[in-house]
$ cat start_11.txt   # compact mmCIF, C-alpha atoms
# COMPACT_ATOMS: atom_id res chain seq x y z
CA MET A 1 78.36 35.75 15.42
CA ALA A 2 81.67 37.52 15.99
CA ILE A 3 84.43 37.44 13.41
CA GLN A 4 86.64 35.64 15.96
CA ASP A 5 84.18 32.72 15.97
CA ILE A 6 84.97 31.84 12.34
CA TYR A 7 87.49 29.22 11.28
CA PRO A 8 88.38 29.94 7.63
CA THR A 9 88.69 26.84 5.49
CA ALA A 10 87.92 25.57 1.97
CA LEU A 11 85.62 22.72 1.03
CA ARG A 12 86.39 20.11 -1.63
CA LEU A 13 82.94 19.08 -2.83
CA LEU A 14 83.86 17.24 -6.02
CA GLY A 15 81.33 14.45 -6.54
CA ARG A 16 79.63 15.06 -3.20
CA PRO A 17 75.87 15.67 -2.82
CA VAL A 18 74.79 19.14 -1.75
CA LEU A 19 71.34 20.69 -1.25
CA VAL A 20 70.10 24.13 -2.29
CA VAL A 21 66.67 25.14 -0.97
CA GLY A 22 65.18 28.00 -2.94
CA GLY A 23 64.64 28.88 -6.59
CA GLY A 24 65.45 32.57 -6.98
CA PRO A 25 68.53 34.49 -8.20
CA VAL A 26 70.52 33.92 -4.99
CA ALA A 27 69.87 30.18 -5.16
CA ALA A 28 70.90 30.18 -8.82
CA ARG A 29 74.22 31.90 -8.03
CA ARG A 30 74.97 29.53 -5.17
CA ALA A 31 74.04 26.48 -7.26
CA LYS A 32 76.32 27.67 -10.06
CA GLY A 33 79.22 28.10 -7.64
CA LEU A 34 78.66 24.63 -6.19
CA LEU A 35 78.57 23.15 -9.69
CA ASP A 36 81.84 24.90 -10.49
CA ALA A 37 83.30 23.12 -7.45
CA GLY A 38 82.18 19.78 -8.90
CA ALA A 39 79.37 19.08 -6.41
CA ARG A 40 76.26 17.02 -7.22
CA VAL A 41 73.57 19.65 -6.71
CA THR A 42 69.91 19.12 -5.86
CA VAL A 43 67.60 22.13 -5.79
CA VAL A 44 64.30 22.01 -3.92
CA ALA A 45 61.86 24.80 -4.76
CA PRO A 46 58.24 25.02 -5.94
CA VAL A 47 59.27 27.54 -8.60
CA ALA A 48 62.71 27.92 -10.19
CA SER A 49 64.24 30.90 -11.96
CA ALA A 50 65.09 30.72 -15.64
CA ALA A 51 68.78 30.31 -14.78
CA LEU A 52 68.07 27.31 -12.56
CA LYS A 53 65.73 25.75 -15.12
CA GLU A 54 68.44 26.09 -17.74
CA LEU A 55 70.92 24.24 -15.53
CA ALA A 56 68.35 21.55 -14.79
CA ASP A 57 67.38 21.15 -18.45
CA ALA A 58 71.05 20.72 -19.31
CA GLY A 59 71.29 17.89 -16.77
CA LEU A 60 73.79 19.75 -14.63
CA LEU A 61 71.66 19.63 -11.47
CA THR A 62 68.47 18.00 -10.15
CA TRP A 63 65.44 20.21 -9.52
CA GLU A 64 62.66 18.98 -7.23
CA PRO A 65 59.65 21.27 -7.97
CA ARG A 66 58.02 21.17 -4.53
CA THR A 67 58.24 22.56 -1.02
CA TYR A 68 61.02 21.57 1.34
CA LEU A 69 60.86 18.36 3.43
CA PRO A 70 63.09 17.68 6.47
CA SER A 71 64.29 14.46 4.80
CA ASP A 72 65.85 16.53 1.97
CA VAL A 73 68.97 17.12 4.05
CA ASP A 74 69.58 13.38 4.48
CA GLY A 75 72.94 12.40 3.01
CA ALA A 76 73.96 15.95 2.05
CA TRP A 77 77.48 17.14 2.75
CA PHE A 78 76.55 20.80 2.55
CA VAL A 79 73.29 22.81 2.52
CA GLN A 80 72.49 26.29 1.22
CA THR A 81 69.19 27.99 2.01
CA ALA A 82 67.95 30.84 -0.19
CA THR A 83 64.16 30.76 -0.15
CA GLY A 84 63.59 34.36 0.88
CA ASP A 85 61.34 33.06 3.66
CA SER A 86 63.15 33.34 6.99
CA ALA A 87 60.96 30.70 8.66
CA VAL A 88 61.70 28.10 5.97
CA ASP A 89 65.38 28.97 5.96
CA ALA A 90 65.49 28.60 9.75
CA GLN A 91 63.82 25.19 9.54
CA VAL A 92 66.29 23.98 6.91
CA SER A 93 69.17 25.29 9.02
CA ALA A 94 67.86 23.52 12.14
CA ASP A 95 67.38 20.23 10.30
CA ALA A 96 70.93 20.41 8.95
CA GLU A 97 72.28 21.28 12.41
CA ALA A 98 70.55 18.23 13.89
CA GLN A 99 72.42 16.02 11.42
CA ARG A 100 75.74 17.92 11.84
CA ILE A 101 75.66 19.17 8.26
CA TRP A 102 77.15 22.58 7.53
CA CYS A 103 74.46 24.97 6.34
CA VAL A 104 74.51 28.54 5.03
CA ASN A 105 71.37 30.40 6.07
CA ALA A 106 70.92 33.23 3.57
CA SER A 107 68.17 34.86 5.67
CA ASP A 108 70.15 35.23 8.90
CA HIS A 109 73.92 35.40 8.71
CA GLU A 110 74.20 35.74 12.51
CA ALA A 111 72.46 32.39 13.04
CA SER A 112 74.14 30.70 10.07
CA ALA A 113 76.54 27.84 10.81
CA ALA A 114 78.63 28.80 7.77
CA TRP A 115 79.18 31.87 5.65
CA THR A 116 79.75 32.06 1.92
CA PRO A 117 82.65 34.41 1.17
CA ALA A 118 83.04 36.77 -1.76
CA VAL A 119 85.21 34.79 -4.18
CA ALA A 120 87.48 35.59 -7.12
CA ASP A 121 90.01 33.55 -9.11
CA VAL A 122 93.33 34.90 -10.35
CA ASP A 123 95.29 32.23 -12.20
CA ASP A 124 95.14 29.26 -9.81
CA VAL A 125 94.75 31.43 -6.70
CA LYS A 126 91.27 31.59 -5.17
CA ILE A 127 90.48 34.63 -3.06
CA ALA A 128 87.74 34.28 -0.45
CA VAL A 129 86.75 37.20 1.76
CA ASN A 130 84.35 37.38 4.71
CA ALA A 131 83.69 40.81 6.17
CA GLY A 132 81.63 40.48 9.33
CA GLY A 133 78.53 39.47 7.44
CA ASP A 134 78.62 42.54 5.16
CA PRO A 135 78.59 41.10 1.61
CA ARG A 136 79.20 44.40 -0.21
CA ARG A 137 82.17 45.14 1.99
CA ALA A 138 83.50 41.65 1.32
CA MET A 139 83.10 42.13 -2.43
CA ALA A 140 84.95 45.44 -2.32
CA VAL A 141 87.89 43.88 -0.47
CA ARG A 142 87.87 40.87 -2.79
CA ASP A 143 87.97 43.09 -5.87
CA ALA A 144 90.82 45.16 -4.47
CA VAL A 145 92.91 42.06 -3.70
CA ALA A 146 92.15 40.54 -7.11
CA THR A 147 93.18 43.74 -8.88
CA ALA A 148 96.43 43.92 -6.91
CA LEU A 149 97.23 40.33 -7.87
CA GLU A 150 96.39 40.92 -11.52
CA THR A 151 98.58 44.02 -11.74
CA GLY A 152 101.52 42.45 -9.91
CA ASP A 153 101.24 44.68 -6.84
CA LEU A 154 100.78 41.50 -4.77
CA PRO A 155 102.92 38.41 -5.43
CA LEU A 156 101.58 35.38 -7.27
CA ARG A 157 104.89 33.56 -7.29
CA ARG A 158 104.74 29.86 -6.48
CA ARG A 159 106.88 28.65 -3.57
CA ARG A 160 106.58 24.91 -4.08
CA ALA A 161 108.05 22.88 -6.91
CA HIS A 162 106.30 23.45 -10.22
CA ARG A 163 106.75 22.85 -13.91
CA GLY A 164 109.16 25.25 -15.55
CA SER A 165 108.05 27.67 -18.24
CA VAL A 166 109.17 30.71 -20.21
CA ALA A 167 107.27 33.95 -20.76
CA LEU A 168 108.57 36.41 -23.34
CA VAL A 169 107.32 39.70 -21.91
CA GLY A 170 107.38 42.96 -23.81
CA GLY A 171 108.08 45.64 -21.23
CA GLY A 172 107.35 48.66 -23.40
CA PRO A 173 109.66 51.64 -23.99
CA GLY A 174 110.94 51.91 -20.42
CA ASP A 175 108.32 53.64 -18.30
CA THR A 176 107.12 51.19 -15.63
CA GLY A 177 103.52 52.21 -16.24
CA LEU A 178 103.59 51.00 -19.85
CA ILE A 179 104.08 47.28 -19.24
CA THR A 180 100.87 45.28 -19.70
CA VAL A 181 98.91 43.96 -16.74
CA ARG A 182 99.66 40.39 -17.87
CA GLY A 183 103.37 41.15 -18.17
CA ARG A 184 103.50 42.70 -14.71
CA ARG A 185 101.72 39.70 -13.22
CA LEU A 186 104.10 37.20 -14.82
CA LEU A 187 107.09 39.22 -13.65
CA GLY A 188 105.77 38.95 -10.11
CA GLN A 189 105.58 35.15 -10.47
CA ALA A 190 109.07 34.72 -11.89
CA ASP A 191 111.86 32.68 -10.32
CA VAL A 192 114.35 33.88 -12.93
CA VAL A 193 114.32 37.05 -15.03
CA VAL A 194 116.46 37.23 -18.15
CA ALA A 195 116.68 40.98 -18.69
CA ASP A 196 117.53 43.29 -21.56
CA ARG A 197 119.30 46.61 -21.18
CA LEU A 198 116.13 48.45 -22.19
CA GLY A 199 112.58 48.15 -20.90
CA PRO A 200 111.13 48.86 -17.42
CA ARG A 201 114.31 48.26 -15.44
CA GLU A 202 112.93 49.84 -12.27
CA LEU A 203 110.56 46.90 -11.88
CA LEU A 204 113.55 44.64 -11.23
CA ASN A 205 114.08 46.45 -7.93
CA GLU A 206 110.63 45.31 -6.79
CA LEU A 207 111.33 41.59 -7.18
CA ALA A 208 111.84 39.32 -4.19
CA PRO A 209 115.48 39.06 -3.07
CA ASP A 210 115.74 35.41 -4.11
CA VAL A 211 114.61 36.04 -7.71
CA ARG A 212 117.66 35.62 -9.94
CA ILE A 213 118.27 38.29 -12.57
CA ILE A 214 120.41 37.26 -15.54
CA GLU A 215 121.61 40.24 -17.55
CA VAL A 216 121.87 39.66 -21.29
CA GLY A 217 121.55 43.22 -22.56
CA LYS A 218 123.06 44.26 -25.87
CA THR A 219 124.39 47.57 -27.09
CA PRO A 220 125.01 48.45 -30.76
CA GLY A 221 127.99 46.43 -31.93
CA HIS A 222 128.45 44.77 -28.53
CA HIS A 223 126.63 41.54 -27.73
CA PRO A 224 128.29 40.12 -24.60
CA VAL A 225 125.72 37.30 -24.45
CA PRO A 226 125.09 35.87 -27.95
CA GLN A 227 121.54 35.00 -28.95
CA ALA A 228 122.34 31.29 -28.98
CA GLU A 229 123.44 31.54 -25.35
CA ILE A 230 120.27 33.44 -24.41
CA ASN A 231 118.20 30.67 -26.00
CA ARG A 232 120.14 28.05 -24.04
CA ILE A 233 119.67 29.93 -20.76
CA LEU A 234 115.90 30.14 -21.22
CA VAL A 235 115.53 26.43 -21.89
CA GLU A 236 117.96 25.31 -19.18
CA GLU A 237 116.32 27.41 -16.47
CA ALA A 238 112.84 26.22 -17.43
CA GLN A 239 113.96 22.58 -17.52
CA ASN A 240 115.27 23.09 -13.98
CA GLY A 241 111.69 23.81 -12.89
CA HIS A 242 111.87 27.60 -12.86
CA ARG A 243 109.34 30.12 -14.07
CA VAL A 244 111.41 32.26 -16.42
CA VAL A 245 110.49 35.73 -17.66
CA ARG A 246 112.44 37.08 -20.58
CA LEU A 247 111.92 40.81 -20.00
CA LYS A 248 112.41 42.77 -23.19
CA GLY A 249 112.07 46.39 -24.16
CA GLY A 250 109.23 47.18 -26.53
CA ASP A 251 107.51 44.13 -28.02
CA PRO A 252 109.15 40.69 -28.26
CA TYR A 253 108.00 40.23 -31.84
CA VAL A 254 108.98 43.65 -33.19
CA LEU A 255 112.68 43.39 -34.03
CA GLY A 256 113.21 41.72 -30.67
CA ARG A 257 114.13 38.15 -31.69
CA GLY A 258 111.20 36.89 -29.68
CA GLY A 259 110.21 34.57 -32.51
CA GLU A 260 113.60 32.85 -32.40
CA GLU A 261 113.42 32.41 -28.64
CA ALA A 262 109.87 31.05 -28.71
CA GLU A 263 110.75 28.61 -31.48
CA TYR A 264 113.82 27.36 -29.61
CA CYS A 265 111.79 26.81 -26.42
CA ARG A 266 109.12 24.84 -28.26
CA GLN A 267 111.72 22.73 -30.03
CA HIS A 268 113.01 21.69 -26.61
CA GLY A 269 109.62 20.94 -25.10
CA VAL A 270 109.44 24.06 -22.94
CA GLU A 271 106.09 25.78 -22.45
CA VAL A 272 106.35 29.36 -23.70
CA GLU A 273 103.97 32.32 -23.56
CA VAL A 274 104.39 35.54 -25.50
CA VAL A 275 103.08 38.75 -23.96
CA SER A 276 102.95 41.64 -26.39
CA GLY A 277 104.37 44.96 -25.29
CA VAL A 278 104.02 48.59 -26.29
CA THR A 279 106.51 48.80 -29.12
CA SER A 280 108.90 51.73 -29.06
CA ALA A 281 108.41 52.14 -32.82
CA ILE A 282 105.00 53.69 -32.12
CA SER A 283 105.07 54.73 -28.47
CA VAL A 284 108.33 56.69 -28.40
CA PRO A 285 107.32 58.98 -31.29
CA ALA A 286 103.98 59.43 -29.51
CA ALA A 287 105.86 60.62 -26.41
CA ALA A 288 107.07 63.53 -28.56
CA GLY A 289 103.61 64.11 -30.00
CA ILE A 290 104.45 62.44 -33.34
CA PRO A 291 101.87 59.99 -34.72
CA VAL A 292 103.18 57.44 -37.20
CA THR A 293 100.00 57.92 -39.23
CA HIS A 294 97.85 61.03 -39.50
CA ARG A 295 94.89 61.86 -41.69
CA GLY A 296 96.05 63.90 -44.66
CA LEU A 297 99.75 63.29 -43.94
CA ALA A 298 100.46 59.55 -43.81
CA LYS A 299 98.37 56.42 -44.18
CA GLY A 300 101.12 53.89 -43.52
CA PHE A 301 104.54 53.41 -41.97
CA SER A 302 107.56 51.12 -42.14
CA VAL A 303 109.84 50.10 -39.28
CA VAL A 304 113.48 49.32 -40.12
CA THR A 305 116.74 49.00 -38.23
CA GLY A 306 119.37 50.03 -40.75
CA HIS A 307 120.02 51.99 -43.92
CA GLU A 308 120.56 48.83 -45.95
CA GLU A 309 116.82 48.08 -45.74
CA LEU A 310 115.70 51.55 -46.84
CA SER A 311 115.77 50.70 -50.53
CA GLU A 312 112.76 48.45 -49.93
CA VAL A 313 110.45 51.05 -48.33
CA PRO A 314 108.51 53.85 -50.07
CA ALA A 315 110.65 56.98 -50.23
CA ARG A 316 107.78 59.45 -49.86
CA ALA A 317 107.09 62.04 -47.20
CA ASP A 318 103.52 60.69 -46.88
CA HIS A 319 104.81 57.24 -45.86
CA THR A 320 106.37 57.38 -42.40
CA ILE A 321 109.69 55.64 -41.87
CA VAL A 322 110.65 54.68 -38.33
CA LEU A 323 114.30 53.81 -37.69
CA LEU A 324 115.09 51.88 -34.51
CA MET A 325 118.57 52.12 -33.00
CA GLY A 326 119.67 53.96 -36.14
CA VAL A 327 121.73 56.83 -34.74
CA GLY A 328 125.06 55.30 -35.70
CA GLN A 329 123.98 54.96 -39.34
CA LEU A 330 121.90 58.12 -39.54
CA ARG A 331 124.08 59.86 -42.11
CA GLU A 332 124.10 56.81 -44.37
CA SER A 333 120.35 56.33 -43.93
CA ALA A 334 119.62 59.94 -44.83
CA ALA A 335 121.83 59.68 -47.91
CA ALA A 336 120.13 56.43 -48.97
CA LEU A 337 116.68 57.99 -48.70
CA GLY A 338 117.81 61.09 -50.55
CA LYS A 339 119.21 58.93 -53.33
CA ALA A 340 115.86 57.11 -53.47
CA GLY A 341 114.09 60.41 -54.12
CA LEU A 342 113.06 61.72 -50.70
CA PRO A 343 113.49 65.54 -50.64
CA ASP A 344 116.09 67.09 -48.36
CA GLY A 345 113.36 69.17 -46.73
CA THR A 346 111.48 66.11 -45.42
CA PRO A 347 110.92 66.54 -41.67
CA VAL A 348 112.84 64.23 -39.32
CA GLY A 349 112.40 63.80 -35.58
CA ILE A 350 114.68 61.95 -33.17
CA VAL A 351 113.41 60.97 -29.74
CA GLU A 352 116.04 59.79 -27.26
CA ASN A 353 115.17 57.91 -24.06
CA GLY A 354 111.44 58.00 -24.74
CA TYR A 355 109.23 58.37 -21.66
CA LEU A 356 112.23 58.65 -19.35
CA PRO A 357 113.18 61.77 -17.33
CA ASP A 358 116.05 62.57 -19.71
CA GLN A 359 113.95 62.29 -22.86
CA ARG A 360 115.18 64.64 -25.60
CA VAL A 361 113.66 65.57 -28.96
CA THR A 362 115.67 66.77 -31.94
CA ILE A 363 113.81 67.95 -35.04
CA GLY A 364 115.31 68.81 -38.40
CA THR A 365 115.18 67.81 -42.03
CA LEU A 366 116.57 64.93 -44.01
CA GLY A 367 119.35 67.19 -45.27
CA SER A 368 120.30 68.63 -41.88
CA ILE A 369 119.52 65.96 -39.29
CA ALA A 370 122.84 64.10 -39.39
CA ASP A 371 124.81 67.28 -38.63
CA GLN A 372 122.31 68.30 -35.95
CA ALA A 373 122.49 64.91 -34.26
CA GLU A 374 126.28 64.91 -34.31
CA ALA A 375 126.47 68.44 -32.86
CA ALA A 376 123.95 67.62 -30.13
CA GLY A 377 125.56 64.30 -29.22
CA VAL A 378 122.43 62.30 -29.98
CA ALA A 379 122.83 58.68 -28.87
CA ASN A 380 120.89 55.44 -28.66
CA PRO A 381 118.41 54.40 -27.39
CA ALA A 382 116.59 56.58 -29.84
CA VAL A 383 113.79 56.34 -32.37
CA ILE A 384 114.05 58.29 -35.61
CA VAL A 385 110.88 59.31 -37.44
CA ILE A 386 111.07 60.46 -41.07
CA GLY A 387 108.10 61.96 -42.87
CA ASP A 388 105.46 64.68 -42.83
CA VAL A 389 103.95 63.38 -39.56
CA VAL A 390 106.80 65.12 -37.73
CA ARG A 391 105.07 68.40 -38.55
CA VAL A 392 102.29 67.49 -36.08
CA SER A 393 104.65 67.39 -33.09
CA PRO A 394 104.25 70.27 -30.63
CA PHE A 395 108.05 70.49 -30.72
CA ALA A 396 108.19 71.12 -34.47
CA PRO A 397 109.29 74.69 -35.32
CA SER A 398 106.61 76.96 -36.73
CA HIS A 399 108.07 76.96 -40.23
CA PHE A 400 107.44 73.20 -40.39
CA LYS A 401 103.69 73.79 -40.20
CA THR A 402 102.02 73.74 -43.58
CA ALA A 403 99.15 76.06 -44.38
CA ASP A 404 96.68 73.23 -43.93
CA TYR A 405 97.97 72.44 -40.44
CA SER A 406 98.91 75.86 -39.12
CA THR A 407 95.79 75.94 -36.95
CA THR A 408 95.89 72.32 -35.90
CA THR A 409 96.08 71.71 -32.15
CA PRO A 410 98.16 68.54 -31.84
CA ASN A 411 97.80 66.09 -29.03
CA SER A 412 100.05 66.99 -26.14
CA PRO A 413 102.74 64.47 -25.15
CA ARG A 414 101.52 61.61 -22.98
CA THR A 415 103.96 62.37 -20.22
CA SER A 416 104.78 65.51 -18.28
CA LYS A 417 108.43 64.60 -17.83
CA PRO A 418 110.92 67.31 -18.90
CA ARG A 419 112.36 67.40 -22.40
CA VAL A 420 115.08 69.29 -24.22
CA LEU A 421 114.42 70.36 -27.80
CA THR A 422 117.11 70.98 -30.39
CA THR A 423 116.25 72.23 -33.85

$ encode --input "start_11.txt" --output "C-alpha cells"
Amino acid sequence: MAIQDIYPTALRLLGRPVLVVGGGPVAARRAKGLLDAGARVTVVAPVASAALKELADAGLLTWEPRTYLPSDVDGAWFVQTATGDSAVDAQVSADAEAQRIWCVNASDHEASAAWTPAVADVDDVKIAVNAGGDPRRAMAVRDAVATALETGDLPLRRRRAHRGSVALVGGGPGDTGLITVRGRRLLGQADVVVADRLGPRELLNELAPDVRIIEVGKTPGHHPVPQAEINRILVEEAQNGHRVVRLKGGDPYVLGRGGEEAEYCRQHGVEVEVVSGVTSAISVPAAAGIPVTHRGLAKGFSVVTGHEELSEVPARADHTIVLLMGVGQLRESAAALGKAGLPDGTPVGIVENGYLPDQRVTIGTLGSIADQAEAAGVANPAVIVIGDVVRVSPFAPSHFKTADYSTTTPNSPRTSKPRVLTT
C-alpha cells in the first residue's frame, strides 16, 4: 500500500459497536483507545491479558473467551485484529472486507484496509500520524509535533468562535527561555495580549499579525493605564469572545497584582487561569550567582518593595532581604535598615536587567551602596539583595569572603551573557 493510497480521516465511534480479535498487549492498547473514543467494544480471544480482563471485569467491554467466528463481524462498525496469528488476522480482515467494514490488520499493514496512526492529545487538538507503515517513525514524528505544540513553537490558537477567557501568565524575568511551557502555549493561543513593560517581550514579535497587543506597562511613579482600567480591559475582551493573555514579568502573584485581576475576572463571570512564572525576586539574584538562602549564611528571606515595609522584616545579615524596584528609595531603605540594627558592613548586591544582554551587577555594603548606585547610574528594573548571601556571588570582591567561605566554589551564573561589575 503506497502512502498516496491513504485518505486521512477521523472516526466518531461514540456508542457504536466495534470488534477486537485478540487478547494480548496490542489488543489491550487498541481496545483502550476505542473505549476512550466512546465505542462499545467486544473482544474475542481464548485468553485475555490482565489489562483486558481488568477492563472486562469493570464492565467497560465485553470479552468472549473463545476462538473467532466469521459471524463476529456482523453489525460491527469497525474491526481491529491483533491475534499474533497472521492466518487468523487475514481471515478476520477478509470477513470484514466482505461486509464492507473497515478493518485494521495488525499482522500485515500492506494488506490492511485501514491503519491506526500514532496519536497524541494536546489540549483539544488530536495529532494522528501515519508514516508509511513504520510505527516507530510515526511515534517519533507524533512526539515531535506534540512537543512543538506544548512549547508554543507551533500554534494552538483557535480560529473559530469560542468562549472568552483570561490567563494571567508569569513570563519570568525577561529571558524568553524562562517562561513556562504552559505560559508559552497559552501565549500562542491568544487573540489578545495585555502586556507589561517587563517580561519576555521578544515573544510578542512571534505572535500572528492579527493578535492584538494592548500595552499597559508601568514605570515607577508613572501608571498610564490604571489598575482598574486593566481589570476592565481583561473582562471586556474576554466577554467579547477572545482568549486573553495577561503577560506579566516575574510571577503574577508575587507583587504583580495578579490576585486582584483574577478576583475581578471571577466576579464578572470570566474564566481565569493563573500560570506561575519564575519570579525575579529569586531568579535575578541567581543570575548574578546570589542565592537567597545558603547553608550557614541564611535560612530565610523576605521580599519587599519599599523602605516603609522594612521595619517589619528581620534586620539581620543571616536573613536575606530582597528589594524589588527599590532603586529610587535605596538610600532611605539603607538608612531604615541601619536604624533597625543592620551593620553598615552588611553586603548588598544590585542586579540590573537580570538575564538580559545589558545585565549589570553592583556590589557594596549597606553603608556604601547608595553612593555607589548613584555614581554608577543604577536604574530600574533592578533587584537589590541585602545580606550575607551576597558573599557567595562570584562577583563579590575577595575581601567579602569570610574565612569559612574563602575556599567555596560558588555556582557560576546561569547565563553566559556579558556583565559589568562595579564595586

$ residues_around --input "start_11.txt" --residues "A:Val129" --least-positions-apart "2" --cutoff "8 Å" --atoms "all atoms listed in the file" --output "PyMOL selection string"
chain A and resi 117-119+127+131+138-139+141-142

$ write_last_selection --input "start_11.txt" --atoms "C-alpha atoms" --output "PDB file, in the frame of the given file"
ATOM      1  CA  PRO A 117      82.650  34.410   1.170  1.00  0.00           C
ATOM      2  CA  ALA A 118      83.040  36.770  -1.760  1.00  0.00           C
ATOM      3  CA  VAL A 119      85.210  34.790  -4.180  1.00  0.00           C
ATOM      4  CA  ILE A 127      90.480  34.630  -3.060  1.00  0.00           C
ATOM      5  CA  ALA A 131      83.690  40.810   6.170  1.00  0.00           C
ATOM      6  CA  ALA A 138      83.500  41.650   1.320  1.00  0.00           C
ATOM      7  CA  MET A 139      83.100  42.130  -2.430  1.00  0.00           C
ATOM      8  CA  VAL A 141      87.890  43.880  -0.470  1.00  0.00           C
ATOM      9  CA  ARG A 142      87.870  40.870  -2.790  1.00  0.00           C
TER      10      ARG A 142
END

$ closest_residue --input "start_11.txt" --among "A:Leu297, A:Ala146, A:Val361, A:Leu204" --to "A:Asp121" --atoms "all atoms listed in the file"
A:Ala146

$ residues_around --input "start_11.txt" --residues "stretch 222-232 of chain A" --least-positions-apart "6" --cutoff "12 Å" --atoms "only C-alpha atoms" --output "JSON, numbers by chain"
{"A": [166, 168, 193, 194, 195, 196, 197, 214, 215, 216, 238, 239, 244, 246, 247, 256, 257, 258, 259, 260, 261, 262, 263, 264, 265, 266, 267, 268, 270]}

$ atom_distance --input "start_11.txt" --atom1 "atom CA of A:Gly377" --atom2 "atom CA of A:Leu198"
19.7 Å

$ atom_distance --input "start_11.txt" --atom1 "atom CA of A:Gly75" --atom2 "atom CA of A:Val18"
8.5 Å

$ atom_distance --input "start_11.txt" --atom1 "atom CA of A:Leu356" --atom2 "atom CA of A:Thr147"
26.4 Å

$ axis_aligned_box --input "start_11.txt" --around "stretch 184-195 of chain A" --padding-each-side "3 Å" --output "AutoDock Vina command-line options"
--center_x 109.2 --center_y 37.7 --center_z -14.4 --size_x 21.0 --size_y 16.0 --size_z 14.6

$ closest_residue --input "start_11.txt" --among "A:Ala288, A:Ile179, A:Leu34, A:Val20" --to "A:Ser93" --atoms "all atoms listed in the file"
A:Val20

$ residues_around --input "start_11.txt" --residues "A:Thr320" --least-positions-apart "6" --cutoff "10 Å" --atoms "only C-alpha atoms" --output "list in words"
Pro291, Val292, Thr293, His294, Leu297, Ala298, Lys299, Gly300, Phe301, Ser302, Val303, Val313, Pro314, Val348, Val385, Ile386, Gly387, Asp388, Val389 and Val390 of chain A

$ write_last_selection --input "start_11.txt" --atoms "C-alpha atoms" --output "PDB file, keeping the file's coordinate frame"
ATOM      1  CA  PRO A 291     101.870  59.990 -34.720  1.00  0.00           C
ATOM      2  CA  VAL A 292     103.180  57.440 -37.200  1.00  0.00           C
ATOM      3  CA  THR A 293     100.000  57.920 -39.230  1.00  0.00           C
ATOM      4  CA  HIS A 294      97.850  61.030 -39.500  1.00  0.00           C
ATOM      5  CA  LEU A 297      99.750  63.290 -43.940  1.00  0.00           C
ATOM      6  CA  ALA A 298     100.460  59.550 -43.810  1.00  0.00           C
ATOM      7  CA  LYS A 299      98.370  56.420 -44.180  1.00  0.00           C
ATOM      8  CA  GLY A 300     101.120  53.890 -43.520  1.00  0.00           C
ATOM      9  CA  PHE A 301     104.540  53.410 -41.970  1.00  0.00           C
ATOM     10  CA  SER A 302     107.560  51.120 -42.140  1.00  0.00           C
ATOM     11  CA  VAL A 303     109.840  50.100 -39.280  1.00  0.00           C
ATOM     12  CA  VAL A 313     110.450  51.050 -48.330  1.00  0.00           C
ATOM     13  CA  PRO A 314     108.510  53.850 -50.070  1.00  0.00           C
ATOM     14  CA  VAL A 348     112.840  64.230 -39.320  1.00  0.00           C
ATOM     15  CA  VAL A 385     110.880  59.310 -37.440  1.00  0.00           C
ATOM     16  CA  ILE A 386     111.070  60.460 -41.070  1.00  0.00           C
ATOM     17  CA  GLY A 387     108.100  61.960 -42.870  1.00  0.00           C
ATOM     18  CA  ASP A 388     105.460  64.680 -42.830  1.00  0.00           C
ATOM     19  CA  VAL A 389     103.950  63.380 -39.560  1.00  0.00           C
ATOM     20  CA  VAL A 390     106.800  65.120 -37.730  1.00  0.00           C
TER      21      VAL A 390
END

$ closest_residue --input "start_11.txt" --among "A:Val211, A:Leu178, A:Val21, A:Leu342" --to "A:Gly277" --atoms "only C-alpha atoms"
A:Leu178

$ closest_residue --input "start_11.txt" --among "A:Gly172, A:Pro155, A:Gly24, A:Pro17" --to "A:Ala106" --atoms "only C-alpha atoms"
A:Gly24
